[in-house]
Structure formats: structure tokens, C-alpha cells
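Colleague: Dropping in query_9.csv, with CSV, C-alpha atoms.
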chain,number,residue,atom,x,y,z
U,764,LYS,CA,-24.4,9.1,12.3
U,765,GLN,CA,-26.0,5.8,11.4
U,766,GLU,CA,-23.7,2.8,11.2
U,767,VAL,CA,-24.8,-0.7,10.1
U,768,THR,CA,-22.9,-3.9,10.9
U,769,GLN,CA,-23.5,-7.4,9.5
U,770,ILE,CA,-22.4,-10.6,11.1
U,771,PRO,CA,-21.0,-13.0,9.9
U,772,ALA,CA,-19.1,-11.6,7.0
U,773,ALA,CA,-19.3,-15.1,5.3
U,774,LEU,CA,-21.3,-18.2,5.9
U,775,SER,CA,-21.2,-21.6,4.2
U,776,VAL,CA,-24.0,-24.1,4.8
U,777,PRO,CA,-25.2,-27.4,3.3
U,778,GLU,CA,-28.3,-27.4,1.2
U,779,GLY,CA,-31.5,-27.6,3.1
U,780,GLU,CA,-30.3,-25.9,6.2
U,781,ASN,CA,-32.2,-23.1,7.9
U,782,LEU,CA,-30.0,-20.0,8.6
U,783,VAL,CA,-30.1,-16.6,10.1
U,784,LEU,CA,-28.2,-13.5,9.0
U,785,ASN,CA,-27.7,-10.7,11.4
U,786,CYS,CA,-27.7,-6.9,11.0
U,787,SER,CA,-27.3,-4.2,13.7
U,788,PHE,CA,-27.6,-0.5,13.5
U,789,THR,CA,-26.7,2.3,15.8
U,790,ASP,CA,-29.5,4.8,15.4
U,791,SER,CA,-32.9,3.4,16.3
U,792,ALA,CA,-34.7,6.3,14.7
U,793,ILE,CA,-34.8,4.6,11.3
U,794,TYR,CA,-37.6,4.9,8.8
U,795,ASN,CA,-37.1,1.5,7.2
U,796,LEU,CA,-34.8,-1.5,7.2
U,797,GLN,CA,-34.3,-3.2,3.9
U,798,TRP,CA,-32.6,-6.5,2.9
U,799,PHE,CA,-31.0,-6.8,-0.5
U,800,ARG,CA,-29.4,-9.6,-2.4
U,801,GLN,CA,-26.4,-9.0,-4.7
U,802,ASP,CA,-25.0,-11.6,-7.1
U,803,PRO,CA,-21.3,-11.3,-8.0
U,804,GLY,CA,-20.6,-8.2,-10.1
U,805,LYS,CA,-24.3,-7.3,-10.3
U,806,GLY,CA,-26.7,-4.7,-8.9
U,807,LEU,CA,-28.9,-5.1,-5.9
U,808,THR,CA,-32.3,-6.9,-5.7
U,809,SER,CA,-34.6,-5.8,-3.0
U,810,LEU,CA,-35.8,-8.8,-0.9
U,811,LEU,CA,-37.8,-7.4,2.0
U,812,LEU,CA,-38.6,-3.9,3.4
U,813,ILE,CA,-39.7,-3.5,7.0
U,814,GLN,CA,-41.2,-0.2,7.9
U,815,SER,CA,-40.3,1.3,11.3
U,816,SER,CA,-43.8,0.6,12.6
U,817,GLN,CA,-43.5,-3.1,11.6
U,818,ARG,CA,-41.8,-6.0,13.3
U,819,GLU,CA,-41.4,-8.4,10.5
U,820,GLN,CA,-42.0,-9.2,6.8
U,821,THR,CA,-42.2,-12.5,5.0
U,822,SER,CA,-41.7,-13.5,1.4
U,823,GLY,CA,-41.7,-17.1,0.5
U,824,ARG,CA,-38.8,-18.8,2.3
U,825,LEU,CA,-37.5,-15.5,3.7
U,826,ASN,CA,-38.5,-13.8,6.9
U,827,ALA,CA,-37.0,-10.5,8.2
U,828,SER,CA,-37.5,-9.1,11.7
U,829,LEU,CA,-36.9,-5.7,13.1
U,830,ASP,CA,-36.2,-4.8,16.8
U,831,LYS,CA,-35.6,-1.1,16.9
U,832,SER,CA,-35.1,-1.1,20.7
U,833,SER,CA,-32.1,-3.4,20.4
U,834,GLY,CA,-30.9,-2.0,17.0
U,835,ARG,CA,-31.1,-5.4,15.3
U,836,SER,CA,-32.6,-7.0,12.3
U,837,THR,CA,-32.4,-10.7,11.2
U,838,LEU,CA,-33.0,-12.4,7.9
U,839,TYR,CA,-34.1,-16.0,8.2
U,840,ILE,CA,-33.8,-18.2,5.2
U,841,ALA,CA,-35.6,-21.5,5.4
U,842,ALA,CA,-34.6,-24.7,3.5
U,843,SER,CA,-31.6,-23.0,1.8
U,844,GLN,CA,-30.8,-23.9,-1.8
U,845,PRO,CA,-27.7,-23.5,-3.9
U,846,GLY,CA,-29.5,-20.7,-5.8
U,847,ASP,CA,-29.5,-18.7,-2.6
U,848,SER,CA,-25.8,-18.3,-2.8
U,849,ALA,CA,-25.1,-14.5,-3.0
U,850,THR,CA,-24.1,-11.6,-0.8
U,851,TYR,CA,-26.9,-10.3,1.4
U,852,LEU,CA,-26.9,-6.6,2.4
U,853,CYS,CA,-29.0,-4.8,5.0
U,854,ALA,CA,-29.6,-1.1,4.8
U,855,ALA,CA,-31.2,1.4,7.1
U,856,GLY,CA,-33.0,4.5,6.1
U,857,SER,CA,-35.7,5.7,3.7
U,858,GLU,CA,-34.3,7.3,0.5
U,859,LYS,CA,-30.7,7.7,1.6
U,860,LEU,CA,-29.7,4.2,2.7
U,861,VAL,CA,-26.8,3.3,4.9
U,862,PHE,CA,-25.6,-0.2,4.1
U,863,GLY,CA,-23.7,-2.8,6.0
U,864,LYS,CA,-20.8,-4.6,4.3
U,865,GLY,CA,-22.9,-7.7,3.7
U,866,THR,CA,-22.8,-11.4,4.4
U,867,LYS,CA,-21.5,-13.7,1.7
U,868,LEU,CA,-23.6,-16.8,1.7
U,869,THR,CA,-22.6,-20.1,0.1
U,870,VAL,CA,-25.1,-23.0,0.0
U,871,ASN,CA,-23.3,-26.2,-0.9
U,872,PRO,CA,-25.2,-29.0,-2.8
O,123,GLU,CA,-42.5,-1.7,-17.0
O,124,THR,CA,-38.8,-1.2,-17.7
O,125,GLY,CA,-36.3,-1.3,-14.9
O,126,VAL,CA,-33.2,0.9,-14.2
O,127,THR,CA,-30.6,0.8,-16.9
O,128,GLN,CA,-27.1,2.0,-16.6
O,129,SER,CA,-24.3,2.7,-19.1
O,130,PRO,CA,-21.6,1.9,-19.7
O,131,THR,CA,-21.3,-1.4,-17.9
O,132,HIS,CA,-17.6,-1.3,-17.7
O,133,LEU,CA,-15.0,1.4,-18.3
O,134,ILE,CA,-11.3,2.0,-17.7
O,135,LYS,CA,-9.9,5.5,-17.1
O,136,THR,CA,-6.5,6.9,-16.0
O,137,ARG,CA,-5.9,9.2,-13.0
O,138,GLY,CA,-6.8,12.8,-13.6
O,139,GLN,CA,-9.4,12.0,-16.3
O,140,GLN,CA,-13.1,12.7,-16.1
O,141,VAL,CA,-15.9,10.2,-16.4
O,142,THR,CA,-19.7,10.4,-17.0
O,143,LEU,CA,-22.0,7.6,-16.1
O,144,ARG,CA,-25.6,7.4,-17.2
O,145,CYS,CA,-28.8,6.1,-15.6
O,146,SER,CA,-32.4,5.7,-16.9
O,147,SER,CA,-34.9,5.4,-14.1
O,148,GLN,CA,-37.7,3.0,-13.9
O,149,SER,CA,-40.9,4.0,-15.6
O,150,GLY,CA,-43.1,6.0,-13.1
O,151,HIS,CA,-40.2,7.0,-10.9
O,152,ASN,CA,-39.1,10.6,-10.3
O,153,THR,CA,-36.1,10.3,-8.1
O,154,VAL,CA,-32.6,9.0,-8.8
O,155,SER,CA,-29.9,8.1,-6.2
O,156,TRP,CA,-26.3,7.2,-6.8
O,157,TYR,CA,-24.2,4.9,-4.7
O,158,GLN,CA,-20.5,3.9,-4.8
O,159,GLN,CA,-19.6,0.4,-3.9
O,160,ALA,CA,-15.9,-0.4,-3.5
O,161,LEU,CA,-14.8,-4.0,-3.6
O,162,GLY,CA,-15.8,-6.0,-0.5
O,163,GLN,CA,-17.8,-3.0,0.9
O,164,GLY,CA,-21.4,-2.0,1.1
O,165,PRO,CA,-22.7,0.7,-1.2
O,166,GLN,CA,-22.2,4.3,0.0
O,167,PHE,CA,-24.7,7.1,-0.7
O,168,ILE,CA,-23.3,9.8,-3.1
O,169,PHE,CA,-26.3,12.0,-3.7
O,170,GLN,CA,-29.9,12.0,-4.8
O,171,TYR,CA,-31.8,14.0,-7.4
O,172,TYR,CA,-35.4,14.9,-7.3
O,173,ARG,CA,-37.1,17.3,-9.7
O,174,GLU,CA,-33.8,18.0,-11.3
O,175,GLU,CA,-32.3,19.3,-8.0
O,176,GLU,CA,-29.8,17.7,-5.7
O,177,ASN,CA,-31.8,16.4,-2.7
O,178,GLY,CA,-29.2,15.3,-0.3
O,179,ARG,CA,-25.5,14.4,-0.5
O,180,GLY,CA,-23.2,11.9,1.2
O,181,ASN,CA,-19.6,12.4,2.2
O,182,PHE,CA,-18.2,12.8,-1.2
O,183,PRO,CA,-16.1,15.8,-2.6
O,184,PRO,CA,-17.4,18.3,-5.1
O,185,ARG,CA,-15.6,16.6,-7.9
O,186,PHE,CA,-18.5,14.2,-7.8
O,187,SER,CA,-21.4,16.0,-9.5
O,188,GLY,CA,-24.7,15.0,-11.1
O,189,LEU,CA,-27.6,16.0,-13.2
O,190,GLN,CA,-31.2,14.9,-13.5
O,191,PHE,CA,-33.1,15.5,-16.8
O,192,PRO,CA,-36.8,16.3,-17.3
O,193,ASN,CA,-37.3,12.6,-18.3
O,194,TYR,CA,-35.9,11.7,-14.8
O,195,SER,CA,-32.8,10.1,-16.3
O,196,SER,CA,-29.5,11.1,-14.6
O,197,GLU,CA,-25.8,11.4,-15.0
O,198,LEU,CA,-23.0,11.1,-12.5
O,199,ASN,CA,-19.8,13.0,-13.4
O,200,VAL,CA,-16.5,12.5,-11.6
O,201,ASN,CA,-13.6,14.9,-12.3
O,202,ALA,CA,-9.9,14.5,-11.6
O,203,LEU,CA,-10.2,10.7,-11.1
O,204,GLU,CA,-8.2,9.1,-8.4
O,205,LEU,CA,-7.2,5.4,-7.9
O,206,ASP,CA,-9.7,5.1,-5.0
O,207,ASP,CA,-12.6,6.0,-7.3
O,208,SER,CA,-12.3,2.5,-8.7
O,209,ALA,CA,-15.7,1.0,-7.8
O,210,LEU,CA,-19.1,-0.2,-8.9
O,211,TYR,CA,-21.4,2.8,-9.3
O,212,LEU,CA,-25.0,2.0,-8.7
O,213,CYS,CA,-28.0,4.0,-9.6
O,214,ALA,CA,-31.4,3.6,-7.9
O,215,SER,CA,-34.7,5.1,-8.8
O,216,SER,CA,-37.8,5.6,-6.6
O,217,LEU,CA,-41.0,7.6,-6.4
O,218,LEU,CA,-40.9,10.5,-4.0
O,219,GLY,CA,-43.5,13.2,-3.4
O,220,SER,CA,-46.6,14.1,-1.5
O,221,GLY,CA,-48.9,11.2,-0.8
O,222,THR,CA,-46.2,8.7,-1.2
O,223,SER,CA,-45.2,6.4,1.6
O,224,ARG,CA,-41.8,6.5,3.2
O,225,ALA,CA,-41.7,2.8,2.4
O,226,ASN,CA,-40.4,3.4,-1.0
O,227,VAL,CA,-38.5,0.4,-2.4
O,228,LEU,CA,-35.5,1.6,-4.4
O,229,THR,CA,-35.0,-0.2,-7.7
O,230,PHE,CA,-31.3,-0.6,-8.5
O,231,GLY,CA,-29.6,-0.9,-11.8
O,232,ALA,CA,-26.8,-3.4,-12.6
O,233,GLY,CA,-24.2,-0.8,-12.1
O,234,SER,CA,-21.2,0.7,-14.0
O,235,ARG,CA,-17.8,-0.8,-13.1
O,236,LEU,CA,-15.1,1.9,-13.2
O,237,THR,CA,-11.5,1.1,-13.0
O,238,VAL,CA,-9.0,3.9,-12.6
O,239,LEU,CA,-5.3,3.1,-13.5
Render the structure in this file as C-alpha cells.
Modeller:
Amino acid sequence: KQEVTQIPAALSVPEGENLVLNCSFTDSAIYNLQWFRQDPGKGLTSLLLIQSSQREQTSGRLNASLDKSSGRSTLYIAASQPGDSATYLCAAGSEKLVFGKGTKLTVNP
Amino acid sequence: ETGVTQSPTHLIKTRGQQVTLRCSSQSGHNTVSWYQQALGQGPQFIFQYYREEENGRGNFPPRFSGLQFPNYSSELNVNALELDDSALYLCASSLLGSGTSRANVLTFGAGSRLTVL
């Protein structure tokens, strides 16, 4: 059974700082690893999807990496901004996603 | 291109009642998945519908049921509501079928917030 863990549960940083969010999963036979953003009380916005054959994906200030052998993925956010404040969720799978509990990020002006 | 829309956005029910939540999938998508997100938790997979049939189910009891209609919209029904059913219910649509990649990005709706008293 796939289990996904995210560390830390919460993170507070000053504006402009580069940061890394961590995600680990127990079953390395995953199809995809996705990162989502969730604003309070809202739905999920897909940020990046890494296919099992890929090692990383980039979109703007975001970079996500995938290491299946160690069961880990990281989301790197460069030059953080207050608008980046949200909960970031990682999820393993293809159609039936298994989510972590998320990391709540606060970027202070 | 319209996104995923869910209704209602908020509702309050009492224990034992029944509830129906609705989801319109994104244009061009043929698959709908439902997730339950309790406060402070990540979403949990309830079930998926493809071609109007259930195509996989998570660890949820039979009182959670669903439908998919020919226009690919969907309903989630929950009978005999319990206090622990209070959660944000998320619907996601995607395109599944021969020739499609497994790298399907799910498009989520904004959710329906259910409170059971």
C-alpha cells in the first residue's frame, strides 16, 4: 500500500528566500509524482507532474525532482514571494492519487 | 475551455441524512474521480468513474456511491451521514483511454464543503 509523507508540516520563510519541500513515498513502482497547490478552503491546482521515467520538471520558479530509488521527491521554490503562501501537496499515482498531508508554507513580506 | 465545477459549494446536514454532490467535468474529459479531504489532511481517493462505470474504489463503505452521466458529469451520494463525513469533497476530471498517456493531469474543482451536525 502506497504511503506518502511530507516534511515539514509547516514552514515560514522571509520573502526572497529559496526553499525546498520534501515528499517521500513507500512504493517506488509509481507512475507519476505530482505537486499541487491548495489555497485555504479551495480546490487543488496542479503545479508539476513528473512521469516515472523522468527525474525533474521545471515551471518558472518551481523545480520538482524525483528519485524513485530512494522514494523521494522535492519541490524547490526560488525567490519566494508572499503570493506563494499556500499548502503544497504531493501525490503519487496515475489516476488514483495517494496524497501526503501537505506542507503549509507562509512567506512573510 | 471550462474547468471543473462543483455544487453546492457549502452545505450542512444532520447525522443520518443523505447528501448528493454534483460535478461537471472539464470539456474534453471523460473520467471523473472523487476525493474526500478532512480538515488538516490530504485528499483521500473515494472512487473513479469512466464510461459511466465505477473504475476503482478507495477504502470507503458502500454508503458512498456515485454516478456518471453520458455527458461525463457525475454525482457523489452519501447515505446515513456520520459526523466523520464532514470534509471537503473534491471532484477531478481527466482524459483516459487508448492512446492517452499515463501522464494525465487531473483538473480539480473547488470542492463542496460538507458539515454534518
Colleague: Check the smallest atom-to-atom distance from each of O:Gln170, O:Gln163, O:Gln158, O:Asn152 to Lys867 of chain U using all atoms listed in the file, then report the winner.
Modeller: O:Gln163
Colleague: Which neighbours of Leu210 of chain O fall inside 8 Å, counting all atoms listed in the file, when residues of the same chain fewer than 3 positions from it are skipped, and could you give them as a list in words?
Modeller: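 Surrounding residues, per the criterion: Gln158, Gln159, Ala160, Leu161, Gly233, Ser234, Arg235 and Leu236 of chain O.
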Colleague: Sorted by chain and rising residue number, list the residues of chain O at most 8 Å from chain U (counting all atoms listed in the file), each with its closest atom pair and distance in Å to one decimal, as a tab-separated table.
Modeller:
residue	atom	partner	partner_atom	distance
O:Ser155	CA	U:Lys859	CA	7.9
O:Gly162	CA	U:Lys864	CA	7.1
O:Gln163	CA	U:Lys864	CA	4.8
O:Gly164	CA	U:Lys864	CA	4.2
O:Pro165	CA	U:Phe862	CA	6.1
O:Gln166	CA	U:Val861	CA	6.8
O:Phe167	CA	U:Lys859	CA	6.5
O:Gln170	CA	U:Lys859	CA	7.8
O:Gly178	CA	U:Lys859	CA	8.0
O:Leu212	CA	U:Gly806	CA	6.9
O:Arg224	CA	U:Ser857	CA	6.2
O:Ala225	CA	U:Gln814	CA	6.3
O:Asn226	CA	U:Ser857	CA	7.0
O:Val227	CA	U:Leu812	CA	7.2
O:Leu228	CA	U:Ser809	CA	7.6
O:Thr229	CA	U:Ser809	CA	7.3
O:Phe230	CA	U:Leu807	CA	5.7
O:Gly231	CA	U:Gly806	CA	5.6
O:Ala232	CA	U:Gly806	CA	3.9
O:Gly233	CA	U:Gly806	CA	5.6
Colleague: Which residue is closest to Ser828 of chain U? Choose from U:Pro777, U:Ala841, U:Thr850, U:Cys786 and count all atoms listed in the file.
Modeller: U:Cys786
Colleague: Quick one: distance from atom CA of Pro183 of chain O to atom CA of Val154 of chain O in Å, one decimal?
Modeller: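 For atom CA of Pro183 of chain O relative to atom CA of Val154 of chain O, the distance reads 18.9 Å.
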Colleague: Give as an NGL selection string the set of residues within 6 Å of the point (-30.4, -25.8, 6.7), where distances use the file's coordinates and all atoms listed in the file.
Modeller: :U and (779-781 or 842-843)
Colleague: Using only C-alpha atoms, pick whichever of U:Ser836, U:Gln817, U:Thr789, U:Thr866 has the shortest atom-to-atom distance to Ala849 of chain U.
Modeller: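 So, comparing all the options, the nearest one is U:Thr866.
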Colleague: For each of U:Gln765, U:Thr869, U:Ser787, U:Thr821, take the minimum atom-to-atom distance to Gly834 of chain U, counting only C-alpha atoms, then give the residue where this is smallest.
Modeller: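 The shortest atom-to-atom distance to Gly834 of chain U comes from U:Ser787.
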Colleague: Which value, in Å to one decimal, gives the distance between atom CA of Ser216 of chain O and atom CA of Asp790 of chain U?
Modeller: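 Going from atom CA of Ser216 of chain O over to atom CA of Asp790 of chain U, I get 23.5 Å.
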Colleague: Closest to Ser187 of chain O among O:Ala209, O:Thr131, O:Thr136, O:Val200, using all atoms listed in the file?
Modeller: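 Checking each candidate against Ser187 of chain O, we get O:Val200 as the closest.
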Colleague: Just how far from atom CA of Trp156 of chain O is atom CA of Asn785 of chain U, in Å to one decimal?
Modeller: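 Taking atom CA of Asn785 of chain U and atom CA of Trp156 of chain O, their separation equals 25.6 Å.
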Colleague: Determine, counting all atoms listed in the file, which protein, DNA and RNA residues have an atom within 12 Å of an atom of Phe191 of chain O; residues of the same chain fewer than 5 positions away are not included. Present the result as a PyMOL selection string.
Modeller: chain O and resi 144-147+152-154+171-176+196-198
Colleague: Write the residues you've just listed into a file as a CSV table (one decimal), keeping the file's coordinate frame, and include C-alpha atoms for each of them.
Modeller:
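Dumped to selection.csv:
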chain,number,residue,atom,x,y,z
O,144,ARG,CA,-25.6,7.4,-17.2
O,145,CYS,CA,-28.8,6.1,-15.6
O,146,SER,CA,-32.4,5.7,-16.9
O,147,SER,CA,-34.9,5.4,-14.1
O,152,ASN,CA,-39.1,10.6,-10.3
O,153,THR,CA,-36.1,10.3,-8.1
O,154,VAL,CA,-32.6,9.0,-8.8
O,171,TYR,CA,-31.8,14.0,-7.4
O,172,TYR,CA,-35.4,14.9,-7.3
O,173,ARG,CA,-37.1,17.3,-9.7
O,174,GLU,CA,-33.8,18.0,-11.3
O,175,GLU,CA,-32.3,19.3,-8.0
O,176,GLU,CA,-29.8,17.7,-5.7
O,196,SER,CA,-29.5,11.1,-14.6
O,197,GLU,CA,-25.8,11.4,-15.0
O,198,LEU,CA,-23.0,11.1,-12.5
Colleague: Taking 3 positions as the minimum chain separation for residues in the same chain, which residues sit within 9 Å of Arg185 of chain O when counting only C-alpha atoms? Answer as a list in words.
Modeller: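 Here the answer would be Phe182, Asn199, Val200, Asn201, Ala202 and Leu203 of chain O.
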